[in-house]
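Novice: Here you go, query.tsv (TSV, C-alpha atoms and all ligand atoms):
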chain	number	residue	atom	x	y	z
A	13	MET	CA	35.33	-6.46	-7.27
A	14	TRP	CA	31.75	-7.63	-7.80
A	15	ILE	CA	30.45	-7.72	-11.37
A	16	LEU	CA	27.01	-8.81	-12.55
A	17	GLY	CA	26.96	-12.28	-14.10
A	18	GLU	CA	30.29	-13.50	-12.81
A	19	HIS	CA	29.47	-14.44	-9.24
A	20	ASP	CA	25.83	-15.36	-8.82
A	21	GLU	CA	23.56	-17.75	-10.66
A	22	PRO	CA	20.84	-15.80	-12.49
A	23	VAL	CA	17.55	-15.73	-10.58
A	24	ARG	CA	15.14	-18.22	-12.18
A	25	LYS	CA	12.20	-17.83	-9.87
A	26	THR	CA	8.96	-16.37	-11.21
A	27	ARG	CA	6.49	-14.40	-9.05
A	28	LYS	CA	2.74	-14.75	-8.83
A	29	SER	CA	2.20	-11.08	-7.98
A	30	ILE	CA	4.06	-7.78	-7.71
A	31	LEU	CA	3.41	-8.02	-3.96
A	32	GLU	CA	5.97	-10.82	-3.64
A	33	LEU	CA	8.64	-8.24	-4.43
A	34	VAL	CA	7.87	-6.16	-1.32
A	35	GLY	CA	10.67	-6.13	1.27
A	36	ASN	CA	14.05	-7.85	1.32
A	37	THR	CA	15.64	-4.54	0.37
A	38	PRO	CA	19.41	-4.03	0.16
A	39	LEU	CA	21.59	-2.82	3.04
A	40	ILE	CA	24.58	-0.85	1.69
A	41	LYS	CA	27.78	-0.10	3.62
A	42	LEU	CA	28.69	3.54	3.11
A	43	GLU	CA	32.29	4.58	2.57
A	44	LYS	CA	32.96	7.37	0.10
A	45	SER	CA	30.18	9.64	1.37
A	46	LEU	CA	31.40	9.57	4.99
A	47	PRO	CA	33.22	12.66	6.35
A	48	GLU	CA	37.00	12.09	6.83
A	49	ASP	CA	36.87	12.09	10.65
A	50	ILE	CA	34.38	9.19	10.61
A	51	LYS	CA	36.27	7.16	8.01
A	52	GLU	CA	39.10	6.79	10.53
A	53	LYS	CA	36.83	5.48	13.32
A	54	PRO	CA	35.73	1.87	13.97
A	55	VAL	CA	32.15	2.89	13.19
A	56	GLU	CA	30.24	1.27	10.32
A	57	ILE	CA	27.30	3.06	8.71
A	58	TYR	CA	24.72	1.20	6.61
A	59	ALA	CA	21.85	2.54	4.49
A	60	LYS	CA	18.71	0.39	4.12
A	61	LEU	CA	17.44	1.21	0.63
A	62	GLU	CA	13.64	1.07	0.78
A	63	GLY	CA	13.39	2.64	-2.67
A	64	TYR	CA	13.95	-0.91	-3.98
A	65	ASN	CA	10.41	-1.89	-3.04
A	66	PRO	CA	8.18	-2.27	-6.16
A	67	GLY	CA	6.15	0.85	-5.28
A	68	GLY	CA	9.41	2.73	-4.70
A	69	SER	CA	9.21	3.29	-0.93
A	70	VAL	CA	9.20	1.83	2.57
A	71	LYS	CA	5.40	2.23	2.55
A	72	ASP	CA	4.88	-0.92	0.47
A	73	ARG	CA	5.41	-2.88	3.68
A	74	PRO	CA	2.66	-1.30	5.83
A	75	ALA	CA	0.32	-0.87	2.84
A	76	THR	CA	0.45	-4.62	2.16
A	77	ARG	CA	-0.10	-5.62	5.78
A	78	MET	CA	-2.81	-3.00	6.46
A	79	ILE	CA	-4.83	-4.09	3.41
A	80	VAL	CA	-4.36	-7.83	3.93
A	81	GLU	CA	-5.32	-7.57	7.63
A	82	ALA	CA	-8.39	-5.48	6.69
A	83	ILE	CA	-9.46	-8.23	4.26
A	84	GLN	CA	-8.82	-10.96	6.84
A	85	SER	CA	-10.83	-9.16	9.54
A	86	GLY	CA	-13.75	-8.58	7.17
A	87	LYS	CA	-13.41	-4.78	7.33
A	88	LEU	CA	-12.46	-4.58	3.66
A	89	THR	CA	-14.93	-6.25	1.32
A	90	LYS	CA	-15.07	-6.17	-2.48
A	91	ASP	CA	-17.78	-3.48	-2.53
A	92	LYS	CA	-15.68	-1.03	-0.51
A	93	ILE	CA	-13.14	1.57	-1.62
A	94	ILE	CA	-9.79	1.81	0.17
A	95	LEU	CA	-9.36	5.34	1.59
A	96	ASP	CA	-6.60	7.14	3.49
A	97	ALA	CA	-4.82	10.44	4.07
A	98	THR	CA	-1.22	10.47	2.89
A	99	SER	CA	1.72	12.73	2.12
A	100	GLY	CA	2.36	10.63	-0.97
A	101	ASN	CA	4.33	7.46	-0.45
A	102	THR	CA	1.53	5.64	1.39
A	103	GLY	CA	-0.79	6.75	-1.38
A	104	ILE	CA	1.44	5.20	-4.02
A	105	ALA	CA	1.78	2.02	-1.97
A	106	LEU	CA	-1.96	1.71	-1.27
A	107	ALA	CA	-2.71	2.38	-4.95
A	108	MET	CA	-0.28	-0.36	-6.00
A	109	VAL	CA	-1.32	-2.96	-3.40
A	110	GLY	CA	-5.04	-2.19	-3.69
A	111	THR	CA	-4.91	-2.52	-7.48
A	112	ALA	CA	-2.86	-5.73	-7.30
A	113	LEU	CA	-5.54	-7.23	-5.02
A	114	GLY	CA	-8.48	-5.94	-7.09
A	115	TYR	CA	-9.74	-2.99	-5.01
A	116	LYS	CA	-10.47	0.66	-5.87
A	117	VAL	CA	-8.37	3.24	-4.00
A	118	GLU	CA	-9.04	6.91	-3.12
A	119	LEU	CA	-6.55	9.18	-1.35
A	120	ALA	CA	-6.57	12.62	0.27
A	121	MET	CA	-3.34	14.62	0.17
A	122	PRO	CA	-2.19	18.23	0.41
A	123	SER	CA	-2.25	19.79	-3.07
A	124	ASN	CA	1.41	20.81	-2.85
A	125	VAL	CA	2.93	17.30	-2.82
A	126	SER	CA	5.28	16.72	-5.72
A	127	GLU	CA	3.80	16.35	-9.20
A	128	GLU	CA	5.54	13.00	-9.62
A	129	ARG	CA	3.66	11.54	-6.66
A	130	LYS	CA	0.30	12.66	-8.02
A	131	ARG	CA	1.01	11.18	-11.44
A	132	ILE	CA	2.30	7.87	-10.12
A	133	ILE	CA	-0.87	7.46	-8.02
A	134	GLN	CA	-3.02	8.25	-11.04
A	135	ALA	CA	-0.97	5.79	-13.12
A	136	TYR	CA	-2.18	3.01	-10.78
A	137	GLY	CA	-5.74	4.21	-11.42
A	138	ALA	CA	-6.39	5.66	-7.94
A	139	LYS	CA	-8.40	8.85	-7.32
A	140	ILE	CA	-6.95	11.85	-5.44
A	141	HIS	CA	-8.83	14.35	-3.24
A	142	TYR	CA	-6.68	17.48	-2.88
A	143	THR	CA	-6.65	19.31	0.46
A	144	ASP	CA	-5.33	22.65	1.76
A	145	PRO	CA	-1.50	22.70	1.56
A	146	LEU	CA	-1.32	25.12	4.51
A	147	GLN	CA	-2.78	22.44	6.77
A	148	SER	CA	-0.23	19.82	5.60
A	149	THR	CA	-1.19	16.15	6.14
A	150	ASP	CA	-3.41	17.19	9.09
A	151	GLY	CA	-5.77	18.81	6.57
A	152	ALA	CA	-5.95	15.54	4.63
A	153	ILE	CA	-6.66	13.57	7.83
A	154	ILE	CA	-9.53	15.89	8.80
A	155	TYR	CA	-10.95	15.72	5.25
A	156	VAL	CA	-10.91	11.91	5.26
A	157	ARG	CA	-12.64	11.75	8.64
A	158	GLU	CA	-15.43	13.96	7.27
A	159	LEU	CA	-15.75	11.73	4.19
A	160	ILE	CA	-16.03	8.60	6.36
A	161	GLU	CA	-18.75	10.20	8.47
A	162	LYS	CA	-20.70	11.17	5.36
A	163	TYR	CA	-20.35	7.79	3.58
A	164	PRO	CA	-19.68	5.12	6.25
A	165	GLU	CA	-20.70	2.24	3.94
A	166	LYS	CA	-18.69	3.34	0.91
A	167	TYR	CA	-15.17	3.31	2.25
A	168	CYS	CA	-12.67	1.21	4.19
A	169	TYR	CA	-10.59	3.75	6.10
A	170	ILE	CA	-7.03	2.41	6.37
A	171	ASP	CA	-5.94	5.09	8.90
A	172	GLN	CA	-2.17	4.53	8.71
A	173	TYR	CA	-1.59	6.88	11.68
A	174	ASN	CA	-3.59	4.68	14.08
A	175	ASN	CA	-3.32	1.25	12.45
A	176	ASP	CA	-1.20	-1.29	14.36
A	177	ALA	CA	-0.67	-3.26	11.15
A	178	ASN	CA	1.52	-0.30	10.07
A	179	TRP	CA	4.19	-0.84	12.75
A	180	ARG	CA	3.67	-4.61	12.76
A	181	SER	CA	4.77	-4.76	9.10
A	182	HIS	CA	8.19	-3.49	10.22
A	183	PHE	CA	8.21	-5.71	13.30
A	184	TYR	CA	7.85	-8.78	11.08
A	185	SER	CA	9.98	-7.71	8.10
A	186	THR	CA	12.27	-4.65	8.27
A	187	ALA	CA	13.75	-5.47	11.69
A	188	VAL	CA	14.37	-9.13	10.85
A	189	GLU	CA	16.09	-8.20	7.59
A	190	ILE	CA	18.38	-5.69	9.33
A	191	TRP	CA	19.21	-8.13	12.13
A	192	ASN	CA	20.19	-10.79	9.57
A	193	GLN	CA	21.91	-8.43	7.13
A	194	THR	CA	24.19	-7.01	9.85
A	195	GLU	CA	24.81	-10.55	11.13
A	196	GLN	CA	23.39	-9.56	14.53
A	197	ARG	CA	25.92	-6.72	14.85
A	198	ILE	CA	23.66	-3.62	14.69
A	199	THR	CA	24.13	-1.26	17.67
A	200	HIS	CA	22.12	1.83	16.59
A	201	PHE	CA	18.97	2.12	14.48
A	202	ILE	CA	17.90	5.44	12.95
A	203	ALA	CA	14.65	6.25	11.12
A	204	GLY	CA	12.64	9.36	10.31
A	205	ILE	CA	9.20	9.79	11.89
A	206	GLY	CA	6.12	10.28	9.74
A	207	THR	CA	3.42	8.00	11.12
A	208	GLY	CA	6.14	6.51	13.32
A	209	GLY	CA	5.43	3.05	11.89
A	210	THR	CA	9.00	2.34	10.78
A	211	ILE	CA	10.68	3.38	14.04
A	212	MET	CA	8.04	1.79	16.31
A	213	GLY	CA	7.89	-1.60	14.58
A	214	THR	CA	11.57	-1.97	13.73
A	215	GLY	CA	12.68	-0.59	17.10
A	216	ARG	CA	10.38	-2.88	19.10
A	217	ARG	CA	11.67	-6.01	17.35
A	218	LEU	CA	15.35	-5.00	17.41
A	219	LYS	CA	15.11	-4.52	21.18
A	220	ILE	CA	13.72	-8.04	21.49
A	221	PHE	CA	16.72	-9.32	19.53
A	222	ASN	CA	19.13	-7.28	21.67
A	223	ARG	CA	17.85	-4.78	24.23
A	224	ASP	CA	21.08	-2.75	24.07
A	225	ILE	CA	20.33	-1.59	20.52
A	226	GLN	CA	19.70	2.16	20.56
A	227	VAL	CA	16.60	3.35	18.69
A	228	ILE	CA	16.82	6.92	17.39
A	229	GLY	CA	13.99	8.83	15.73
A	230	VAL	CA	14.53	11.74	13.34
A	231	GLN	CA	12.28	14.80	13.14
A	232	PRO	CA	12.65	18.04	11.21
A	233	ASP	CA	13.91	20.92	13.36
A	234	SER	CA	10.91	23.12	12.51
A	235	PRO	CA	7.22	22.75	11.60
A	236	PHE	CA	8.02	24.73	8.41
A	237	HIS	CA	10.36	22.25	6.79
A	238	GLY	CA	10.75	20.82	3.29
A	239	ILE	CA	11.47	17.23	4.24
A	240	GLU	CA	8.57	15.37	2.63
A	241	GLY	CA	7.40	12.39	4.66
A	242	LEU	CA	8.62	13.60	8.08
A	243	LYS	CA	6.42	15.11	10.82
A	244	TYR	CA	7.26	17.77	13.36
A	245	ILE	CA	5.34	15.97	16.10
A	246	GLU	CA	5.08	18.86	18.58
A	247	THR	CA	2.71	20.85	16.35
A	248	SER	CA	0.98	18.02	14.45
A	249	ILE	CA	-1.88	15.63	15.19
A	250	LYS	CA	0.08	12.97	17.11
A	251	PRO	CA	-0.09	9.58	15.36
A	252	GLY	CA	-1.80	7.05	17.65
A	253	ILE	CA	0.79	4.37	16.88
A	254	PHE	CA	3.68	6.65	17.91
A	255	ASP	CA	4.95	6.33	21.48
A	256	GLU	CA	7.93	8.56	22.26
A	257	ASN	CA	8.80	6.43	25.32
A	258	ARG	CA	9.90	3.63	23.02
A	259	LEU	CA	12.69	5.80	21.58
A	260	ASP	CA	16.07	6.18	23.23
A	261	ARG	CA	16.46	9.53	21.58
A	262	THR	CA	15.11	11.98	18.98
A	263	MET	CA	17.41	13.98	16.71
A	264	PHE	CA	16.15	17.18	15.07
A	265	ILE	CA	17.61	17.83	11.61
A	266	GLY	CA	17.44	20.96	9.44
A	267	THR	CA	16.15	20.99	5.85
A	268	ASP	CA	19.34	22.38	4.27
A	269	ILE	CA	21.67	19.76	5.75
A	270	ALA	CA	19.15	17.00	4.89
A	271	TYR	CA	19.23	18.13	1.24
A	272	GLN	CA	23.02	18.36	1.28
A	273	ARG	CA	23.40	14.82	2.66
A	274	ALA	CA	20.96	13.39	0.08
A	275	ARG	CA	23.05	15.05	-2.67
A	276	GLU	CA	26.26	13.64	-1.21
A	277	LEU	CA	24.82	10.12	-1.21
A	278	ALA	CA	24.09	10.50	-4.95
A	279	ARG	CA	27.37	12.17	-5.93
A	280	LYS	CA	29.88	10.41	-3.75
A	281	GLU	CA	28.29	7.01	-3.27
A	282	GLY	CA	26.03	6.55	-6.32
A	283	VAL	CA	23.02	6.13	-4.01
A	284	PHE	CA	20.06	8.21	-5.27
A	285	VAL	CA	17.57	8.88	-2.45
A	286	GLY	CA	15.05	11.45	-1.18
A	287	GLN	CA	15.49	14.20	1.42
A	288	SER	CA	14.18	12.23	4.41
A	289	SER	CA	17.02	9.76	3.71
A	290	GLY	CA	19.39	12.74	3.78
A	291	ALA	CA	18.00	13.74	7.20
A	292	ALA	CA	18.54	10.21	8.55
A	293	PHE	CA	22.07	10.16	7.08
A	294	GLU	CA	22.91	13.44	8.84
A	295	ALA	CA	21.64	11.93	12.12
A	296	ALA	CA	23.90	8.90	11.50
A	297	ILE	CA	26.89	11.19	10.92
A	298	GLN	CA	26.23	13.21	14.11
A	299	LEU	CA	25.86	9.97	16.07
A	300	ALA	CA	29.03	8.47	14.58
A	301	ARG	CA	30.96	11.50	15.83
A	302	GLU	CA	29.71	10.88	19.39
A	303	ILE	CA	30.32	7.15	19.78
A	304	GLN	CA	33.62	5.26	20.04
A	305	GLU	CA	32.57	2.28	17.93
A	306	GLY	CA	29.40	0.74	16.56
A	307	VAL	CA	27.26	-0.45	13.67
A	308	ILE	CA	24.70	2.18	12.67
A	309	VAL	CA	21.80	1.40	10.34
A	310	PHE	CA	19.59	4.16	8.95
A	311	ILE	CA	16.52	3.93	6.74
A	312	CYS	CA	16.38	5.51	3.29
A	313	PRO	CA	12.57	5.56	2.86
A	314	ASP	CA	12.58	6.21	-0.89
A	315	GLY	CA	14.61	7.01	-4.00
A	316	GLY	CA	15.32	10.46	-5.42
A	317	GLU	CA	13.18	10.16	-8.57
A	318	LYS	CA	9.95	11.55	-7.12
A	319	TYR	CA	11.72	14.78	-6.15
A	320	LEU	CA	13.20	15.66	-9.55
A	321	THR	CA	11.00	18.75	-9.91
A	322	THR	CA	11.56	19.91	-6.30
A	323	ALA	CA	14.34	22.06	-4.82
A	324	LEU	CA	16.29	18.91	-3.86
A	325	TRP	CA	17.69	18.44	-7.35
A	326	GLU	CA	17.64	22.09	-8.52
A	327	PHE	CA	21.14	23.23	-9.37
B	1	LIG	N1	10.23	9.48	4.64
B	1	LIG	C1	9.35	9.46	3.63
B	1	LIG	C2	9.78	9.99	2.29
B	1	LIG	C3	8.06	8.98	3.86
B	1	LIG	O1	7.16	8.98	2.85
B	1	LIG	C4	7.70	8.50	5.14
B	1	LIG	C5	6.30	8.01	5.40
B	1	LIG	N2	5.35	9.06	5.49
B	1	LIG	C6	8.65	8.56	6.17
B	1	LIG	C7	9.90	9.05	5.87
B	1	LIG	C8	8.33	8.14	7.59
B	1	LIG	O2	7.95	6.80	7.74
B	1	LIG	P1	6.91	6.36	8.87
B	1	LIG	O3	5.54	6.80	8.43
B	1	LIG	O4	7.02	4.87	8.94
B	1	LIG	O5	7.28	7.03	10.14
Now, as a test, write the supplied structure out as structure tokens.

Specialist:
Amino acid sequence: MWILGEHDEPVRKTRKSILELVGNTPLIKLEKSLPEDIKEKPVEIYAKLEGYNPGGSVKDRPATRMIVEAIQSGKLTKDKIILDATSGNTGIALAMVGTALGYKVELAMPSNVSEERKRIIQAYGAKIHYTDPLQSTDGAIIYVRELIEKYPEKYCYIDQYNNDANWRSHFYSTAVEIWNQTEQRITHFIAGIGTGGTIMGTGRRLKIFNRDIQVIGVQPDSPFHGIEGLKYIETSIKPGIFDENRLDRTMFIGTDIAYQRARELARKEGVFVGQSSGAAFEAAIQLAREIQEGVIVFICPDGGEKYLTTALWEF
């Protein structure tokens, strides 16, 4: 059994910036949290734990690339404020990356996102514009577009829903990590859809590595869901970077089962994640029941901490 300090040399390397800690997240083989019928099958299920990024979510990857590419192209200059609409995790990531690189950050988000998210963003010194919760992230997008029209010189609009640097961040990092971590054995890739950046970028690259790899997107089964971070595409503003034709399949997952699976990961496996991870885990379980054999990887976009005051951890 592995124990800290007995197998590996301690890490001696120092880092020049918090940004060097983005990516290279762990891939964990699940065992104890799998239903009995799957344990007996030659199907392996792995969770990619994006909560290990320094900003606590998968969004550190696109936030870094979107900001760095904006600087390189000249769109983001020192006099400009970074601005975007976000359901929370991108806001945290932009606040962290922007601050680390010396920029001011302002974010628009529905007022009903969890209190933890608001406070973390404020901890990084970023400013929040609250929008109508009934309009979800679409309300925040519309608000930001109005702000940009009013003050075109003041802001650099990151526009994560239409920014190719979003999916490219996963094309160049997430997919390569998964390919190496599974030792080229991955057969199925599962990720929830918010902007679609994770599934588009990772899926594109995995299919270049091996075109037989199945790419499966996860959506909530209703527009009125409680799975923070995921979009019900049918009734939302469609993200420009999302192209359904690049998916082999979409699985629609209910809120209750997503919550249940997130709780099981914590209680049976010691893996503490958010509800969109629970939704992806349920998709992995349904898929494992269908296939004869395979290596399934699903994304856990963030940890469970930011949801402590939500229904997910209310007992
Ligand atoms: N889950 C959570 C908790 C998220 O914050 C996000 C990003 N909004 C996603 C899933 C979906 O990721 P993507 O935007 O890359 O589709």

Novice: Which residues come within 12 Å of Pro54 (chain A), counting only C-alpha atoms, excluding same-chain residues fewer than 3 positions away, as a list in words?

Specialist: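 Counting only the stated atoms, we get Asp49, Ile50, Lys51, Ile57, Ala300, Arg301, Ile303, Gln304, Glu305, Gly306, Val307 and Ile308 of chain A.
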
Novice: Go ahead and save the residues from that selection, with C-alpha atoms, as a PDB file, keeping the file's coordinate frame.

Specialist:
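Below is the file that was written, selection-v1.pdb:
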ATOM      1  CA  ASP A  49      36.870  12.090  10.650  1.00  0.00           C
ATOM      2  CA  ILE A  50      34.380   9.190  10.610  1.00  0.00           C
ATOM      3  CA  LYS A  51      36.270   7.160   8.010  1.00  0.00           C
ATOM      4  CA  ILE A  57      27.300   3.060   8.710  1.00  0.00           C
ATOM      5  CA  ALA A 300      29.030   8.470  14.580  1.00  0.00           C
ATOM      6  CA  ARG A 301      30.960  11.500  15.830  1.00  0.00           C
ATOM      7  CA  ILE A 303      30.320   7.150  19.780  1.00  0.00           C
ATOM      8  CA  GLN A 304      33.620   5.260  20.040  1.00  0.00           C
ATOM      9  CA  GLU A 305      32.570   2.280  17.930  1.00  0.00           C
ATOM     10  CA  GLY A 306      29.400   0.740  16.560  1.00  0.00           C
ATOM     11  CA  VAL A 307      27.260  -0.450  13.670  1.00  0.00           C
ATOM     12  CA  ILE A 308      24.700   2.180  12.670  1.00  0.00           C
TER      13      ILE A 308
END

Novice: For Arg131 (chain A), find every residue with an atom within 12 Å (counting only C-alpha atoms), except residues of its own chain fewer than 6 positions away, and show them as a list in words.

Specialist: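 My reading of the contact set: Gly100, Gly103, Ile104, Ala107, Val125, Gly137, Ala138, Lys139, Ile140 and Lys318 of chain A.
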
Novice: For ligand LIG 1 (chain B), collect every residue having any atom at a distance of at most 7 Å from a ligand atom (counting only C-alpha atoms and all ligand atoms); output as an mmCIF file with C-alpha atoms, in the frame of the given file.

Specialist:
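Writing the result to part.cif gives the following:
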data_model
loop_
_atom_site.group_PDB
_atom_site.id
_atom_site.type_symbol
_atom_site.label_atom_id
_atom_site.label_comp_id
_atom_site.auth_asym_id
_atom_site.auth_seq_id
_atom_site.Cartn_x
_atom_site.Cartn_y
_atom_site.Cartn_z
ATOM 1 C CA LYS A 71 5.400 2.230 2.550
ATOM 2 C CA SER A 99 1.720 12.730 2.120
ATOM 3 C CA GLY A 100 2.360 10.630 -0.970
ATOM 4 C CA ASN A 101 4.330 7.460 -0.450
ATOM 5 C CA THR A 102 1.530 5.640 1.390
ATOM 6 C CA GLY A 204 12.640 9.360 10.310
ATOM 7 C CA ILE A 205 9.200 9.790 11.890
ATOM 8 C CA GLY A 206 6.120 10.280 9.740
ATOM 9 C CA THR A 207 3.420 8.000 11.120
ATOM 10 C CA GLY A 208 6.140 6.510 13.320
ATOM 11 C CA GLY A 209 5.430 3.050 11.890
ATOM 12 C CA THR A 210 9.000 2.340 10.780
ATOM 13 C CA ILE A 211 10.680 3.380 14.040
ATOM 14 C CA GLU A 240 8.570 15.370 2.630
ATOM 15 C CA GLY A 241 7.400 12.390 4.660
ATOM 16 C CA LEU A 242 8.620 13.600 8.080
ATOM 17 C CA GLY A 286 15.050 11.450 -1.180
ATOM 18 C CA SER A 288 14.180 12.230 4.410
ATOM 19 C CA SER A 289 17.020 9.760 3.710
ATOM 20 C CA PRO A 313 12.570 5.560 2.860
ATOM 21 C CA ASP A 314 12.580 6.210 -0.890
#

Novice: Neighbouring residues of Tyr155 (chain A) were defined as those with any atom within 10 Å, considering all atoms listed in the file; residues of the same chain fewer than 5 positions away were excluded. Please report them as a VMD selection string.

Specialist: chain A and resid 96 to 97 120 to 121 141 to 144 149 to 150 160

Novice: Pick out the closest residue to Ile253 (chain A) from this set: A:Pro66, A:Pro22, A:Gly213, A:Gly86. Count all atoms listed in the file.

Specialist: A:Gly213

Novice: Near Ile198 (chain A), counting all atoms listed in the file, which residues have an atom at most 12 Å away, once you skip same-chain residues fewer than 6 positions from it, shown as a ChimeraX atom specification?

Specialist: /A:39,55-58,187-192,215,218-219,221-227,305-310
